[in-house]
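*Asks:* Right, I'll just put the structure down here and ask away after.
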Amino acid sequence: MTNPFDTEKTTASAWFRQLRDDIVAAFEALEDSHDTGPLSDAEPGRFEVTQTKRASDNGEDAGGGLMSVMRGGRVFEKVGVNVSTVHGTLGERAQAAMMARKGLPGMADDPRFWASGISLVAHMQNPHAPAVHMNTRMFWTPHAWWFGGGSDLNPCIEYDDDTAHFHATQKAHLDPHGAAHYPRLKEWADEYFYIPHRNRARGVGGIFMDDYCTSDWQADFALTQDIGRAFLPAFVPLVEKRRVQDWSDADKDAQLIHRGLYAEYNLVYDRGTKFGLETGHDANAVLMSLPPLAKWV
């Protein structure tokens with residue numbers, strides 16, 4: 001009988017929830033500590049938390065999670081931090097996509113799946129502060145299991161020292177798992193977060209992996225955890241530095257145009273968006289990544 005991986009599933013799901021709690025607390029602390037510079041006289045933002053539920057085709061419970069969204073804060077114009085654990089059976093289109101990527105035999109005969117993860121996208125008030133994306137996840141089927149995730153920086157106004165800090169922090173968290181990980185995951189991110197129809201990257205990169213399985217669950221989970229642990233020390237210092245800068249109308253215009261680029265990528269290419277919609281997850285949670293305002297010229 002196929003190992004249902006119950007212990008591993010529970011462990012991974014609990015970790016993603018803890019990471020969510022840590023990030024939500026850190027982001028609300030950024031709102032509270034913003035006492036000088038643009039919008040510092042506004043009320044600090046707070047997350048609105050909504051429980052999400054997913055039902056199977058026959059109406060049975062198929063998991064869910066928490067959607068946490070902050071809008072109109074001092075620092076964050078819109079940020080979502082979602083965590084979910086879902087299960088069920090993959091539909092024909094999802095099976096076809098899985099087969100195309102992984103070639104799993106037996107998927108049509110036993111299309112059960114389980115997935116858990118955290119997904120975050122932050123759009124900032126200050127155009128000098130970079131937008132950011134992060135997610136980590138675990139996926140299980142009776143035929144295989146794997147991890148995925150990463151984080152990437154999406155500034156509309158680029159600062160070389162911000163980019164260097166973001167990458168160096170991620171490298172420091174990956175290097176204990178082997179020196180080959182950072183260059184490989186950096187290259188993976190450069191390839192994945194590329195927008196073919198614009199012939200450009202959507203940001204300044206980061207790290208990314210998908211379908212990652214070495215058959216050593218503990219080692220692969222530890223790597224995934226450190227991808228998550230790298231996020232706050234990589235991102236928070238950049239926010240603290242840039243949130244106090246004044247901005248012009250031209251800066252804000254550049255931000256809105258760049259957000260249009262971000263929206264195009266997430267709606268056309270992002271695997272997580274496609275999978276969430278294909279498997280019937282809450283559409284508001286799946287599309288949480290979209291910016292509150294964007295512009296096309």
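Starting from 1 in every chain, residues are counted up; chains themselves are A, B, ... following the order of the structure tokens, and ligands are numbered from 1 as listed.
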Produce a table with one row for each residue of range 184-252 of chain A that has an atom at most 12 Å from any atom of range 32-38 of chain A, each row naming the nearest atom pair and its distance in Å at one decimal; use only C-alpha atoms; arrange rows by chain and rising residue number; format as a Markdown table.
*Replies:*
```
| residue | atom | partner | partner_atom | distance |
| --- | --- | --- | --- | --- |
| A:Val239 | CA | A:His34 | CA | 10.1 |
| A:Glu240 | CA | A:His34 | CA | 8.2 |
| A:Lys241 | CA | A:His34 | CA | 10.8 |
| A:Arg242 | CA | A:Gly37 | CA | 9.7 |
| A:Arg243 | CA | A:Gly37 | CA | 7.1 |
| A:Val244 | CA | A:Gly37 | CA | 4.3 |
| A:Gln245 | CA | A:Gly37 | CA | 6.5 |
| A:Asp246 | CA | A:Pro38 | CA | 6.3 |
| A:Trp247 | CA | A:Pro38 | CA | 8.3 |
| A:Ser248 | CA | A:Pro38 | CA | 11.2 |
```
*Asks:* Residues at most 7 Å from Gln51 in chain A, counting only C-alpha atoms, excluding those fewer than 3 positions away in the same chain, as number ranges by chain?
*Replies:* A: 65-67
*Asks:* As a count of residues only, which residues of range 8-236 of chain A does DSSP assign to alpha helix (DSSP H)?
*Replies:* 83
*Asks:* Would you give me, as a ChimeraX atom specification, the residues in range 72-294 of chain A that DSSP reads as strand (DSSP E)?
*Replies:* /A:76-89,112-124,131-141,144-154,194-195,200-201,206-212
*Asks:* Write out as a PDB file with N, CA and C atoms, in the first residue's frame which residues come within 12 Å of Ala250 in chain A when counting only C-alpha atoms, dropping same-chain ones fewer than 6 positions away.
*Replies:*
```
ATOM      1  N   PRO A 127       6.944  53.880  -3.765  1.00  0.00           N
ATOM      2  CA  PRO A 127       7.527  53.289  -4.973  1.00  0.00           C
ATOM      3  C   PRO A 127       8.996  52.906  -4.832  1.00  0.00           C
ATOM      4  N   HIS A 128       9.694  53.482  -3.851  1.00  0.00           N
ATOM      5  CA  HIS A 128      11.097  53.118  -3.640  1.00  0.00           C
ATOM      6  C   HIS A 128      11.242  51.779  -2.924  1.00  0.00           C
ATOM      7  N   CYS A 156      10.102  48.604  -8.731  1.00  0.00           N
ATOM      8  CA  CYS A 156       9.872  49.429  -9.921  1.00  0.00           C
ATOM      9  C   CYS A 156      11.002  50.438 -10.081  1.00  0.00           C
ATOM     10  N   ILE A 157      11.672  50.765  -8.982  1.00  0.00           N
ATOM     11  CA  ILE A 157      12.868  51.608  -8.995  1.00  0.00           C
ATOM     12  C   ILE A 157      13.979  50.756  -8.397  1.00  0.00           C
ATOM     13  N   LEU A 256       2.997  51.974 -10.919  1.00  0.00           N
ATOM     14  CA  LEU A 256       1.756  51.444 -11.467  1.00  0.00           C
ATOM     15  C   LEU A 256       2.000  50.695 -12.778  1.00  0.00           C
ATOM     16  N   ILE A 257       2.905  51.203 -13.598  1.00  0.00           N
ATOM     17  CA  ILE A 257       3.242  50.531 -14.855  1.00  0.00           C
ATOM     18  C   ILE A 257       3.909  49.193 -14.578  1.00  0.00           C
TER      19      ILE A 257
END
```
*Asks:* Which polymer residues have any atom within 8 Å of an atom of Phe166 in chain A, counting only C-alpha atoms, with same-chain residues fewer than 3 positions away left out, as a compact mmCIF listing (two decimals) with N, CA, C and O atoms, in the first residue's frame?
*Replies:*
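That gives us part19.txt:
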```txt
# COMPACT_ATOMS: atom_id res chain seq x y z
N LEU A 153 12.31 39.46 -5.88
CA LEU A 153 12.14 40.88 -5.61
C LEU A 153 11.69 41.59 -6.88
O LEU A 153 12.23 41.33 -7.96
N ASP A 162 20.09 47.01 -2.75
CA ASP A 162 18.94 46.22 -2.30
C ASP A 162 18.98 44.84 -2.94
O ASP A 162 18.77 43.82 -2.27
N THR A 163 19.24 44.80 -4.24
CA THR A 163 19.31 43.53 -4.95
C THR A 163 20.42 42.65 -4.37
O THR A 163 20.23 41.44 -4.14
N THR A 169 21.44 37.30 1.24
CA THR A 169 20.75 36.68 2.37
C THR A 169 20.23 35.30 1.99
O THR A 169 20.33 34.33 2.77
N GLN A 170 19.68 35.19 0.80
CA GLN A 170 19.21 33.89 0.36
C GLN A 170 20.36 32.89 0.19
O GLN A 170 20.25 31.73 0.58
N GLY A 206 15.70 36.15 -7.70
CA GLY A 206 15.69 35.60 -6.35
C GLY A 206 16.07 34.14 -6.45
O GLY A 206 17.03 33.78 -7.14
N ALA A 234 15.83 38.88 4.36
CA ALA A 234 16.17 39.39 3.03
C ALA A 234 15.35 40.62 2.67
O ALA A 234 15.85 41.53 1.99
N PHE A 235 14.10 40.67 3.14
CA PHE A 235 13.17 41.71 2.68
C PHE A 235 12.98 42.86 3.66
O PHE A 235 12.97 44.04 3.26
```
*Asks:* Could you tell me how far CA of Gly260 in chain A lies from CA of Asn126 in chain A, in Å and to one decimal?
*Replies:*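 A separation of 16.5 Å between them.
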*Asks:* Restricting the calculation to only C-alpha atoms, which member of A:Ile118, A:Met70, A:Ala172, A:Ala201 is positioned closest to Asp226 in chain A?
*Replies:*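 Smallest separation from Asp226 in chain A among the options: A:Ala172.
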*Asks:* Compare A:Asp152, A:Asp270, A:Asp161, A:Asp220 by their minimum atom-to-atom distance to Pro237 in chain A, counting only C-alpha atoms, and give me the closest one.
*Replies:*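 Result for the nearest residue to Pro237 in chain A: A:Asp161.
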*Asks:* Identify, on the basis of only C-alpha atoms, every residue whose closest approach to Lys295 in chain A does not exceed 10 Å; exclude the query and any residue fewer than 6 positions from it along the same chain; express the result as a VMD selection string.
*Replies:* chain A and resid 253 to 261 263
*Asks:* Would you list the contacts of Phe113 in chain A as a ChimeraX atom specification, taking every protein, DNA or RNA residue within 8 Å and counting only C-alpha atoms, but skipping same-chain residues closer than 2 positions in sequence?
*Replies:* /A:87-90,111,115,139-142
